Structures are given as structure tokens and as C-alpha cells.
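Raw coords02.tsv, TSV, C-alpha atoms:
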```
chain	number	residue	atom	x	y	z
A	1	MET	CA	127.86	-3.34	-43.80
A	2	ASN	CA	125.49	-5.43	-41.65
A	3	GLN	CA	125.73	-3.10	-38.65
A	4	ILE	CA	127.20	0.23	-37.58
A	5	ARG	CA	129.52	-0.31	-34.62
A	6	ILE	CA	129.72	2.58	-32.15
A	7	ALA	CA	131.90	2.61	-29.02
A	8	LEU	CA	131.73	4.98	-26.06
A	9	THR	CA	134.80	5.22	-23.85
A	10	LEU	CA	134.12	5.26	-20.12
A	11	TYR	CA	136.43	6.40	-17.33
A	12	GLU	CA	136.22	7.88	-13.86
A	13	GLN	CA	134.89	11.45	-13.55
A	14	LEU	CA	133.09	11.34	-16.93
A	15	LEU	CA	130.05	13.52	-17.60
A	16	ILE	CA	127.36	10.83	-17.78
A	17	THR	CA	125.04	12.97	-19.95
A	18	SER	CA	127.64	12.94	-22.72
A	19	VAL	CA	127.19	9.15	-22.77
A	20	THR	CA	123.44	8.77	-22.27
A	21	LEU	CA	122.36	11.58	-24.62
A	22	PRO	CA	124.06	10.24	-27.78
A	23	ILE	CA	122.89	6.69	-27.00
A	24	GLU	CA	119.26	7.79	-26.62
A	25	MET	CA	119.39	9.93	-29.76
A	26	LEU	CA	121.03	7.21	-31.83
A	27	ARG	CA	118.49	4.65	-30.67
A	28	ALA	CA	115.65	7.02	-31.57
A	29	GLY	CA	117.07	7.48	-35.07
A	30	GLU	CA	117.53	3.73	-35.42
A	31	ALA	CA	113.94	3.03	-34.33
A	32	PHE	CA	112.58	5.61	-36.79
A	33	ALA	CA	114.62	4.15	-39.65
A	34	LYS	CA	113.55	0.61	-38.79
A	35	ARG	CA	109.89	1.65	-39.05
A	36	HIS	CA	110.20	3.69	-42.23
A	37	SER	CA	112.96	2.15	-44.35
A	38	ARG	CA	113.12	-1.56	-43.61
A	39	ALA	CA	114.70	-2.52	-46.93
A	40	SER	CA	117.82	-0.40	-46.39
A	41	PHE	CA	117.87	-0.52	-42.58
A	42	VAL	CA	121.25	-1.09	-40.90
A	43	PRO	CA	121.17	-1.70	-37.11
A	44	LEU	CA	123.42	0.00	-34.59
A	45	ASN	CA	125.70	-1.92	-32.25
A	46	ILE	CA	126.44	0.52	-29.40
A	47	GLU	CA	128.84	-0.64	-26.68
A	48	CYS	CA	130.81	0.88	-23.80
A	49	LEU	CA	134.49	0.21	-23.19
A	50	SER	CA	136.83	1.00	-20.29
A	51	GLN	CA	140.56	0.90	-19.55
A	52	THR	CA	140.45	-2.53	-17.91
A	53	GLY	CA	137.15	-3.82	-19.29
A	54	GLU	CA	135.62	-3.51	-15.83
A	55	VAL	CA	132.59	-1.48	-14.74
A	56	ILE	CA	133.15	2.26	-14.16
A	57	LYS	CA	131.12	4.04	-11.48
A	58	THR	CA	130.34	7.64	-12.50
A	59	PRO	CA	130.47	10.65	-10.14
A	60	MET	CA	126.65	10.41	-9.93
A	61	GLY	CA	126.91	6.86	-8.58
A	62	LEU	CA	125.64	5.26	-11.79
A	63	SER	CA	127.36	2.38	-13.55
A	64	MET	CA	127.00	0.99	-17.07
A	65	ASP	CA	127.73	-2.39	-18.62
A	66	ILE	CA	131.19	-2.68	-20.18
A	67	HIS	CA	131.69	-4.77	-23.31
A	68	SER	CA	135.50	-4.77	-23.48
A	69	ASN	CA	138.65	-2.72	-22.87
A	70	PHE	CA	140.07	0.13	-24.94
A	71	LYS	CA	142.25	-2.18	-27.03
A	72	ALA	CA	139.07	-3.24	-28.87
A	73	LEU	CA	138.40	0.28	-30.22
A	74	LYS	CA	139.98	-0.61	-33.57
A	75	GLU	CA	136.97	-2.87	-34.21
A	76	TYR	CA	134.48	0.03	-34.25
A	77	ASP	CA	133.30	2.43	-36.96
A	78	TYR	CA	132.67	5.36	-34.60
A	79	VAL	CA	134.16	6.20	-31.21
A	80	ILE	CA	132.59	8.79	-28.87
A	81	VAL	CA	134.91	10.13	-26.18
A	82	PRO	CA	132.79	11.75	-23.41
A	83	SER	CA	133.53	14.90	-21.47
A	84	ILE	CA	135.26	14.90	-18.07
A	85	TRP	CA	134.22	16.59	-14.84
A	86	ARG	CA	136.65	19.30	-13.76
A	87	ASN	CA	140.37	19.07	-14.56
A	88	PRO	CA	140.91	16.43	-17.27
A	89	ARG	CA	144.64	15.91	-16.63
A	90	PRO	CA	144.38	13.25	-13.86
A	91	VAL	CA	141.82	11.25	-15.87
A	92	VAL	CA	144.01	11.36	-18.98
A	93	ALA	CA	147.01	10.24	-16.91
A	94	ASN	CA	145.03	7.36	-15.36
A	95	ASN	CA	143.87	6.00	-18.73
A	96	PRO	CA	147.05	5.77	-20.86
A	97	GLN	CA	145.70	2.96	-23.05
A	98	LEU	CA	142.90	5.15	-24.43
A	99	ALA	CA	145.12	7.58	-26.35
A	100	GLU	CA	147.06	4.72	-27.95
A	101	SER	CA	143.86	2.87	-28.87
A	102	LEU	CA	142.24	6.00	-30.34
A	103	SER	CA	145.22	6.45	-32.62
A	104	GLU	CA	145.03	2.83	-33.73
A	105	ALA	CA	141.26	3.08	-34.31
A	106	TRP	CA	141.74	6.25	-36.34
A	107	TYR	CA	144.32	4.65	-38.61
A	108	GLN	CA	142.01	1.65	-39.03
A	109	GLY	CA	139.36	4.02	-40.43
A	110	ALA	CA	137.20	4.88	-37.41
A	111	THR	CA	135.48	8.25	-37.02
A	112	LEU	CA	136.29	9.92	-33.68
A	113	ILE	CA	133.99	12.30	-31.78
A	114	GLY	CA	135.55	14.10	-28.81
A	115	VAL	CA	133.26	15.88	-26.33
A	116	GLY	CA	134.34	18.86	-24.20
A	117	THR	CA	137.41	18.05	-22.15
A	118	GLY	CA	137.30	14.49	-23.52
A	119	VAL	CA	138.97	16.03	-26.58
A	120	CYS	CA	142.18	15.89	-24.49
A	121	PHE	CA	142.33	12.14	-25.17
A	122	LEU	CA	142.25	12.79	-28.93
A	123	ALA	CA	145.01	15.37	-28.54
A	124	GLU	CA	147.01	13.00	-26.34
A	125	SER	CA	146.82	10.37	-29.10
A	126	ALA	CA	148.43	12.86	-31.56
A	127	VAL	CA	145.71	12.30	-34.19
A	128	LEU	CA	144.78	15.97	-33.73
A	129	ASP	CA	148.29	17.28	-34.44
A	130	GLY	CA	148.02	19.79	-37.27
A	131	HIS	CA	144.22	19.65	-37.16
A	132	SER	CA	141.54	21.95	-35.78
A	133	ALA	CA	139.73	21.24	-32.51
A	134	THR	CA	137.60	22.86	-29.83
A	135	THR	CA	137.02	22.03	-26.16
A	136	HIS	CA	135.25	23.34	-23.07
A	137	TRP	CA	135.97	27.07	-22.83
A	138	HIS	CA	137.15	26.88	-19.20
A	139	TYR	CA	140.09	24.64	-20.17
A	140	ALA	CA	140.97	26.27	-23.50
A	141	LYS	CA	144.20	27.90	-22.24
A	142	GLN	CA	145.34	24.73	-20.49
A	143	PHE	CA	144.57	22.73	-23.64
A	144	SER	CA	146.62	25.08	-25.85
A	145	LYS	CA	149.56	24.88	-23.46
A	146	SER	CA	149.40	21.08	-23.20
A	147	TYR	CA	148.84	20.45	-26.92
A	148	PRO	CA	150.56	23.22	-28.92
A	149	HIS	CA	150.44	21.23	-32.18
A	150	VAL	CA	146.62	21.26	-32.21
A	151	GLN	CA	144.95	24.23	-33.89
A	152	LEU	CA	142.48	25.16	-31.16
A	153	LYS	CA	139.35	27.03	-32.30
A	154	PRO	CA	137.79	28.07	-28.96
A	155	ASP	CA	135.19	30.29	-30.65
A	156	TYR	CA	133.58	27.30	-32.38
A	157	PHE	CA	131.23	24.81	-30.76
A	158	ILE	CA	132.01	22.17	-33.41
A	159	THR	CA	135.04	21.38	-35.55
A	160	GLN	CA	135.27	18.78	-38.27
A	161	SER	CA	138.48	17.56	-39.83
A	162	ASP	CA	137.94	14.54	-42.07
A	163	ARG	CA	136.99	11.74	-39.64
A	164	ILE	CA	137.52	13.76	-36.46
A	165	TYR	CA	134.77	15.78	-34.79
A	166	THR	CA	135.26	17.81	-31.64
A	167	VAL	CA	132.48	19.59	-29.74
A	168	ALA	CA	132.56	22.10	-26.91
A	169	SER	CA	129.18	21.41	-25.30
A	170	LEU	CA	126.32	18.93	-24.96
A	171	ASN	CA	124.15	20.99	-27.31
A	172	ALA	CA	126.89	20.81	-29.94
A	173	LEU	CA	127.17	17.05	-29.35
A	174	ALA	CA	123.42	16.73	-30.00
A	175	ASP	CA	123.86	18.59	-33.30
A	176	VAL	CA	126.68	16.25	-34.38
A	177	ILE	CA	124.62	13.18	-33.47
A	178	VAL	CA	121.71	14.51	-35.56
A	179	HIS	CA	124.21	15.05	-38.40
A	180	LEU	CA	125.44	11.45	-38.09
A	181	ILE	CA	121.88	10.08	-37.98
A	182	GLY	CA	121.30	11.93	-41.24
A	183	GLN	CA	124.30	10.13	-42.71
A	184	PHE	CA	123.15	6.74	-41.39
A	185	TYR	CA	119.43	6.95	-42.08
A	186	GLY	CA	118.66	10.08	-44.10
A	187	LYS	CA	117.24	13.55	-43.53
A	188	GLU	CA	113.79	12.39	-42.42
A	189	ALA	CA	115.22	10.38	-39.51
A	190	ALA	CA	117.55	13.25	-38.57
A	191	ASN	CA	114.67	15.74	-38.55
A	192	HIS	CA	112.59	13.39	-36.41
A	193	VAL	CA	115.32	13.06	-33.78
A	194	GLN	CA	116.13	16.76	-33.80
A	195	GLN	CA	112.51	17.71	-33.21
A	196	ASN	CA	112.18	15.28	-30.32
A	197	PHE	CA	115.46	16.01	-28.54
A	198	SER	CA	116.28	19.63	-29.34
A	199	HIS	CA	114.81	21.96	-26.74
A	200	GLU	CA	116.02	25.13	-28.38
A	201	ILE	CA	116.39	26.41	-31.91
A	202	ARG	CA	119.97	26.77	-33.09
A	203	LYS	CA	121.71	27.33	-36.36
A	204	PRO	CA	122.07	24.19	-38.47
A	205	TYR	CA	125.09	21.96	-37.95
A	206	GLU	CA	126.78	23.14	-41.15
A	207	GLU	CA	126.80	26.77	-39.97
A	208	GLN	CA	128.18	26.07	-36.48
A	209	ARG	CA	131.23	24.02	-37.32
A	210	TYR	CA	134.74	24.99	-38.23
A	211	LEU	CA	135.18	22.76	-41.28
A	212	GLU	CA	138.86	22.28	-41.93
A	213	GLY	CA	139.66	22.66	-45.61
A	214	ALA	CA	136.07	23.47	-46.56
A	215	VAL	CA	137.01	25.17	-49.82
A	216	ASP	CA	139.77	22.70	-50.66
A	217	ARG	CA	137.34	19.85	-50.10
A	218	HIS	CA	135.88	20.44	-53.55
A	219	SER	CA	138.80	22.47	-54.95
A	220	ASP	CA	136.56	25.02	-56.65
A	221	GLU	CA	137.05	28.38	-55.01
A	222	GLN	CA	134.68	30.12	-57.40
A	223	ILE	CA	131.83	27.76	-56.48
A	224	ALA	CA	132.64	28.30	-52.79
A	225	ALA	CA	132.31	32.05	-53.37
A	226	ILE	CA	129.01	31.51	-55.19
A	227	GLN	CA	127.72	29.38	-52.29
A	228	PHE	CA	128.53	32.20	-49.87
A	229	TRP	CA	126.76	34.72	-52.14
A	230	LEU	CA	123.69	32.47	-52.56
A	231	LYS	CA	123.39	32.00	-48.81
A	232	ASN	CA	123.32	35.75	-48.25
A	233	ASN	CA	121.05	36.60	-51.19
A	234	ALA	CA	118.71	33.61	-51.44
A	235	ASN	CA	115.63	35.72	-50.81
A	236	SER	CA	116.23	38.00	-53.80
A	237	ILE	CA	117.34	35.49	-56.46
A	238	THR	CA	114.99	35.45	-59.44
A	239	SER	CA	117.20	33.71	-61.99
A	240	LEU	CA	120.19	31.42	-61.50
A	241	SER	CA	121.30	32.22	-65.05
A	242	ASP	CA	121.73	35.82	-63.87
A	243	VAL	CA	123.84	34.54	-60.97
A	244	ALA	CA	126.02	32.58	-63.39
A	245	GLU	CA	126.44	35.68	-65.55
A	246	GLN	CA	127.34	37.74	-62.50
A	247	PHE	CA	130.22	35.36	-61.84
A	248	ASP	CA	131.29	35.33	-65.51
A	249	MET	CA	130.16	31.75	-66.14
A	250	SER	CA	127.85	30.20	-68.68
A	251	TYR	CA	124.68	28.76	-67.14
A	252	ARG	CA	125.61	25.27	-68.33
A	253	SER	CA	129.11	25.46	-66.83
A	254	PHE	CA	127.69	26.94	-63.60
A	255	ASN	CA	125.25	24.04	-63.15
A	256	ARG	CA	127.83	21.40	-63.97
A	257	ARG	CA	130.51	22.80	-61.65
A	258	PHE	CA	128.08	23.45	-58.79
A	259	LYS	CA	126.76	19.87	-58.86
A	260	SER	CA	130.27	18.45	-59.19
A	261	ALA	CA	131.58	20.53	-56.26
A	262	THR	CA	128.70	20.25	-53.80
A	263	GLY	CA	126.87	17.08	-54.80
A	264	LYS	CA	123.62	18.98	-55.24
A	265	THR	CA	122.12	21.32	-57.83
A	266	ALA	CA	122.18	25.08	-57.30
A	267	ILE	CA	118.37	25.13	-57.32
A	268	TYR	CA	118.25	22.57	-54.52
A	269	TYR	CA	120.91	24.46	-52.56
A	270	VAL	CA	118.94	27.72	-52.75
A	271	GLN	CA	115.83	25.82	-51.70
A	272	GLU	CA	117.66	24.46	-48.64
A	273	VAL	CA	118.82	27.94	-47.63
A	274	ARG	CA	115.31	29.36	-47.98
A	275	ILE	CA	113.78	26.51	-45.97
A	276	GLN	CA	116.28	27.09	-43.16
A	277	GLN	CA	115.52	30.82	-43.13
A	278	ALA	CA	111.80	30.05	-43.10
A	279	SER	CA	112.33	27.62	-40.19
A	280	ASP	CA	114.09	30.35	-38.20
A	281	LEU	CA	111.25	32.83	-38.84
A	282	LEU	CA	108.56	30.27	-38.00
A	283	SER	CA	110.18	29.63	-34.63
A	284	SER	CA	111.19	33.17	-33.68
A	285	THR	CA	108.53	35.51	-35.14
A	286	ASN	CA	104.77	35.92	-35.38
A	287	LEU	CA	104.87	36.63	-39.13
A	288	SER	CA	102.19	34.88	-41.15
A	289	ILE	CA	103.30	31.95	-43.28
A	290	GLN	CA	102.47	34.01	-46.37
A	291	ASP	CA	104.75	36.84	-45.18
A	292	ILE	CA	107.52	34.37	-44.34
A	293	ALA	CA	107.24	32.82	-47.80
A	294	LEU	CA	107.70	36.20	-49.49
A	295	THR	CA	110.46	37.24	-47.06
A	296	VAL	CA	112.68	34.24	-47.81
A	297	GLY	CA	112.15	34.32	-51.57
A	298	PHE	CA	109.17	32.08	-52.38
A	299	SER	CA	106.46	33.49	-54.63
A	300	SER	CA	103.56	32.25	-52.49
A	301	GLN	CA	102.58	30.45	-49.32
A	302	SER	CA	101.67	27.32	-51.28
A	303	GLN	CA	105.14	27.23	-52.89
A	304	LEU	CA	106.77	27.43	-49.45
A	305	SER	CA	104.46	24.74	-48.09
A	306	ARG	CA	105.30	22.33	-50.90
A	307	ALA	CA	109.04	22.87	-50.52
A	308	PHE	CA	108.86	22.72	-46.72
A	309	LYS	CA	106.96	19.43	-46.80
A	310	GLU	CA	109.53	18.01	-49.22
A	311	HIS	CA	112.53	19.02	-47.09
A	312	MET	CA	111.11	18.73	-43.55
A	313	ASN	CA	108.37	16.12	-44.01
A	314	GLN	CA	105.78	18.39	-42.38
A	315	THR	CA	103.92	21.61	-43.08
A	316	PRO	CA	105.19	25.02	-41.93
A	317	SER	CA	102.24	25.37	-39.54
A	318	ASN	CA	102.92	21.96	-37.95
A	319	TYR	CA	106.61	22.83	-37.59
A	320	ARG	CA	105.76	26.15	-35.91
A	321	GLN	CA	103.36	24.44	-33.52
A	322	ILE	CA	105.95	21.83	-32.45
A	323	VAL	CA	108.80	24.30	-32.11
A	324	ARG	CA	106.78	26.91	-30.24
A	325	LYS	CA	105.61	24.28	-27.78
A	326	LYS	CA	109.23	23.40	-27.03
A	327	LEU	CA	110.37	27.00	-26.79
A	328	PHE	CA	107.65	28.29	-24.54
A	329	SER	CA	106.22	25.33	-22.63
```
This entry written out as C-alpha cells:
Amino acid sequence: MNQIRIALTLYEQLLITSVTLPIEMLRAGEAFAKRHSRASFVPLNIECLSQTGEVIKTPMGLSMDIHSNFKALKEYDYVIVPSIWRNPRPVVANNPQLAESLSEAWYQGATLIGVGTGVCFLAESAVLDGHSATTHWHYAKQFSKSYPHVQLKPDYFITQSDRIYTVASLNALADVIVHLIGQFYGKEAANHVQQNFSHEIRKPYEEQRYLEGAVDRHSDEQIAAIQFWLKNNANSITSLSDVAEQFDMSYRSFNRRFKSATGKTAIYYVQEVRIQQASDLLSSTNLSIQDIALTVGFSSQSQLSRAFKEHMNQTPSNYRQIVRKKLFS
């Protein structure tokens, strides 16, 4: 792949922030990756499309360059469908080509990201039939009535079903974009963008989403149960062989199945959980770094610092300083 092609669909009454925010975040991730990983760098080609291929003026009086019309969506790898001001029904009715083109793009292999009431276009295309989705809370009842074949999850800010993401808010959109940057350019680039664009501390993307078929995705229900147990007991684990024994597995079989199911070792998984817990405590408490290390399951401050630097590319004290400045400035 010599570039990653990303399309944003524009129409009247769109929420302009749901267009500008992902573009700015994606460009920031791209710039970071270009500086730090030139050998494996893949550029982004981000373009806006409209029903007719003509310029769309937003409710704020702003206009953006249009590359083509919606029929070209099948040429893109990712399609972001922005949110709509107020009642989405008239906008959906006025842009009939979009639903058809989204369906075609999906079947050609594109990943779709629907934002707020823009999710109505994904539902209109029928690609969401039988799948989970979320939308802006104010239009949840209307959405359910209009699209009864979609499994609406109004209590979730993010849903993921294979190559379809839906988000209920701009904050959730930012989390998905960080997630995608991680897929494009790695964890370091994702962390960089998150720290520069996230003005509040939220749970990580993986904990906010409704992931359709999460257990079936790796077909190992016992490992899924172990993951749940590890997440809730990471601070007290002293031996993974004891965990394996607790679940009636040999240590060798436990390691093999965990890596096969999740793509990472159990040790690395526990480390990730502890780092996330430490991040939460660094941002929300005045505990010393030594106390945080012991609270989340590390044996010392130096052990936490080494692991934190490895996962987050900065020290715990630097992370706390950056996050606190954002939270309280």
C-alpha cells in the first residue's frame, strides 16, 4: 500500500467539528510517523466528497474543497460519515446516493466510521442490518423506529463490528481516530496524538466500545474468562503459573492459548492493564509514584518507570505533569 485513502462525506447541516477534528488528528499522527519511522511510513490521502461533487456550505458558513462525488467512495480504504445538526431525516432524504455508495464501498473492503446522527446513513445503506450500532442519545428512539434491523446500543459511546465503527459523540470519535492511528503508525504515534488532542482523561478505547462477537473473535471462551479475571486482579497477581492452575490449565498450554487468542503474551497483557491503572491514578490522585507502583502490582517505583517508559514512551512523572496541565489549566 503506497497510501491510505480516507474519505469524508459532506452534506448540508453537517457538524463541521466531526470533519475537522479527525482530519487534524490524522495529520498529526501522520506527521509524527513521518519524523520517527521514515522507512515504514505510509502517507495519508484525505479527501472530501459530496452528493454532486460540488462545494457544500456548512451551517457555520464554512466551505471545504470537494474532490469528487459519493460514487467514488468505493476507491477509499476508510470512510468517515460526519454527524448532522438536528433531525437527520431530511439530510438523509436529500442525499440518496450516499447510502448506496457506502454499501458499495463496504463490499469493496472499506472501513466505515459513522459519527452521531451520521450513523443513519450507514443504517440506510443496510450494511448495519444485524449489527450493533450507537448514535446520538437524543435520536436513539427515532433511530430504533426507523431502522429496526439494527441492534442499537444507546448505552455505548462506541461500537465496533468488523469494519464498521459507530460513535455517539465527538469525544468517542477522537478515541476511534487515536485507535486507527495506532493501527496505521503504532502505539507511539497514537499516544502522541492522544496527549495533544485529548483534553480529558477517559477509559481506553477497548473498554468503551461494544465489540460485537468479542469472545467469538478468538473462539476461546476460557481465555476470554481469564482476560476478564486478569483485568480485575492485575494488582495482586504474583505468578501466572498459579493463574493457569486456577483455571485448570498447564502453564505451557495457558501461554500458548493466550498468545494464539489475543496476539500477545499473558505477561504483556497484565503489564498493559497495570500501566493503564497507573495512568488513571497518575491523572486523578496525588499518590506518590512509589505508592501507585505498589497499588497496581509493581514491586517498586523503578519497575513501574521502566514499564511505563516502554509502553508510553515517557516517564510516569512526565505523564502526570502533561495530564494535570490539561485537566486543570
Please compute the CA of Leu8 in chain A-CA of Ile46 in chain A distance, one decimal, in Å.
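We find that CA of Leu8 in chain A and CA of Ile46 in chain A lie 7.7 Å from each other.
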Go through A:His149, A:His192, A:His131, A:Arg89 and flag the residue nearest Ile164 in chain A, using only C-alpha atoms for the distances.
A:His131
If you count all atoms listed in the file, which residues fall within 10 Å of range 287-293 of chain A, apart from same-chain ones fewer than 3 positions away, as a PDB file with C-alpha atoms, in the frame of the given file?
```pdb
ATOM      1  CA  ASN A 235     115.630  35.720 -50.810  1.00  0.00           C
ATOM      2  CA  ARG A 274     115.310  29.360 -47.980  1.00  0.00           C
ATOM      3  CA  ILE A 275     113.780  26.510 -45.970  1.00  0.00           C
ATOM      4  CA  GLN A 277     115.520  30.820 -43.130  1.00  0.00           C
ATOM      5  CA  ALA A 278     111.800  30.050 -43.100  1.00  0.00           C
ATOM      6  CA  SER A 279     112.330  27.620 -40.190  1.00  0.00           C
ATOM      7  CA  ASP A 280     114.090  30.350 -38.200  1.00  0.00           C
ATOM      8  CA  LEU A 281     111.250  32.830 -38.840  1.00  0.00           C
ATOM      9  CA  LEU A 282     108.560  30.270 -38.000  1.00  0.00           C
ATOM     10  CA  SER A 283     110.180  29.630 -34.630  1.00  0.00           C
ATOM     11  CA  SER A 284     111.190  33.170 -33.680  1.00  0.00           C
ATOM     12  CA  VAL A 296     112.680  34.240 -47.810  1.00  0.00           C
ATOM     13  CA  GLY A 297     112.150  34.320 -51.570  1.00  0.00           C
ATOM     14  CA  PHE A 298     109.170  32.080 -52.380  1.00  0.00           C
ATOM     15  CA  SER A 299     106.460  33.490 -54.630  1.00  0.00           C
ATOM     16  CA  SER A 300     103.560  32.250 -52.490  1.00  0.00           C
ATOM     17  CA  GLN A 301     102.580  30.450 -49.320  1.00  0.00           C
ATOM     18  CA  SER A 302     101.670  27.320 -51.280  1.00  0.00           C
ATOM     19  CA  GLN A 303     105.140  27.230 -52.890  1.00  0.00           C
ATOM     20  CA  LEU A 304     106.770  27.430 -49.450  1.00  0.00           C
ATOM     21  CA  SER A 305     104.460  24.740 -48.090  1.00  0.00           C
ATOM     22  CA  PRO A 316     105.190  25.020 -41.930  1.00  0.00           C
ATOM     23  CA  SER A 317     102.240  25.370 -39.540  1.00  0.00           C
ATOM     24  CA  ARG A 320     105.760  26.150 -35.910  1.00  0.00           C
TER      25      ARG A 320
END
```
Which residue of A:Ile181, A:Ala110, A:Met60, A:Ala123 approaches Val92 in chain A most closely, using only C-alpha atoms
A:Ala123
Rank A:Leu14, A:Ala28, A:Val91, A:Val79 by their smallest atom-to-atom distance to Thr166 in chain A, using all atoms listed in the file, and report the top residue only.
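With all atoms listed in the file as the atom set, the closest residue is A:Val79.
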Go through A:Leu44, A:Ala266, A:Val115, A:Ala126 one by one, measure the shortest atom-to-atom distance of each to Val167 in chain A using only C-alpha atoms, and give the residue with the smallest value.
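Of A:Leu44, A:Ala266, A:Val115, A:Ala126, the one nearest Val167 in chain A, counting only C-alpha atoms, is A:Val115.
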In Å to one decimal, how far is CA of Pro154 in chain A from CA of Asp129 in chain A?
16.0 Å
Skip Pro96 in chain A itself and residues of its chain fewer than 4 positions away, then list as a ChimeraX atom specification all residues within 12 Å of it, counting all atoms listed in the file.
/A:11,50-52,70-71,89-92,100-103,120-122,124-125
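Near Trp229 in chain A, within 12 Å and counting all atoms listed in the file, sit A:Gln222, A:Ile223, A:Ala224, A:Ala225, A:Asn233, A:Ala234, A:Asn235, A:Ser236, A:Ile237, A:Leu240, A:Val243, A:Ala244, A:Gln246, A:Phe247, A:Ala266, A:Tyr269, A:Val270, A:Val273; same-chain residues fewer than 4 positions away were not included.
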Find the distance between CA of Leu26 in chain A and CA of Ile158 in chain A and write it in Å to one decimal.
18.6 Å
Need the axis-aligned box for range 155-158 of chain A with 6 Å each side, so what are the centre and edges in Å to one decimal, as AutoDock Vina command-line options?
```
--center_x 133.2 --center_y 26.2 --center_z -32.0 --size_x 16.0 --size_y 20.1 --size_z 14.8
```
Name the residues in contact with Ser169 in chain A at a cut-off of 7 Å, using all atoms listed in the file, excluding same-chain residues fewer than 5 positions from it; report them as JSON, numbers by chain.
{"A": [115, 116, 136, 157]}
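Between Asn318 in chain A and the residues A:Thr111, A:Ser260, A:Ser253, A:Gln195, the shortest atom-to-atom distance, using all atoms listed in the file, involves A:Gln195.
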Kindly indicate which residue among A:Pro88, A:Leu170, A:Phe184, A:Glu54 lies nearest to Arg27 in chain A, using all atoms listed in the file for the distances.
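Looking at the shortest contact to Arg27 in chain A, the residue is A:Phe184.
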Thr117 in chain A surroundings by only C-alpha atoms, 9 Å radius, close-in-sequence under 6 positions cut, as a list in words
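Within the cut-off, the hits are Pro82, Ser83, Ile84, Trp85, Arg86, Asn87, Pro88, Thr135, His136, Tyr139, Phe143 and Ala168 of chain A.
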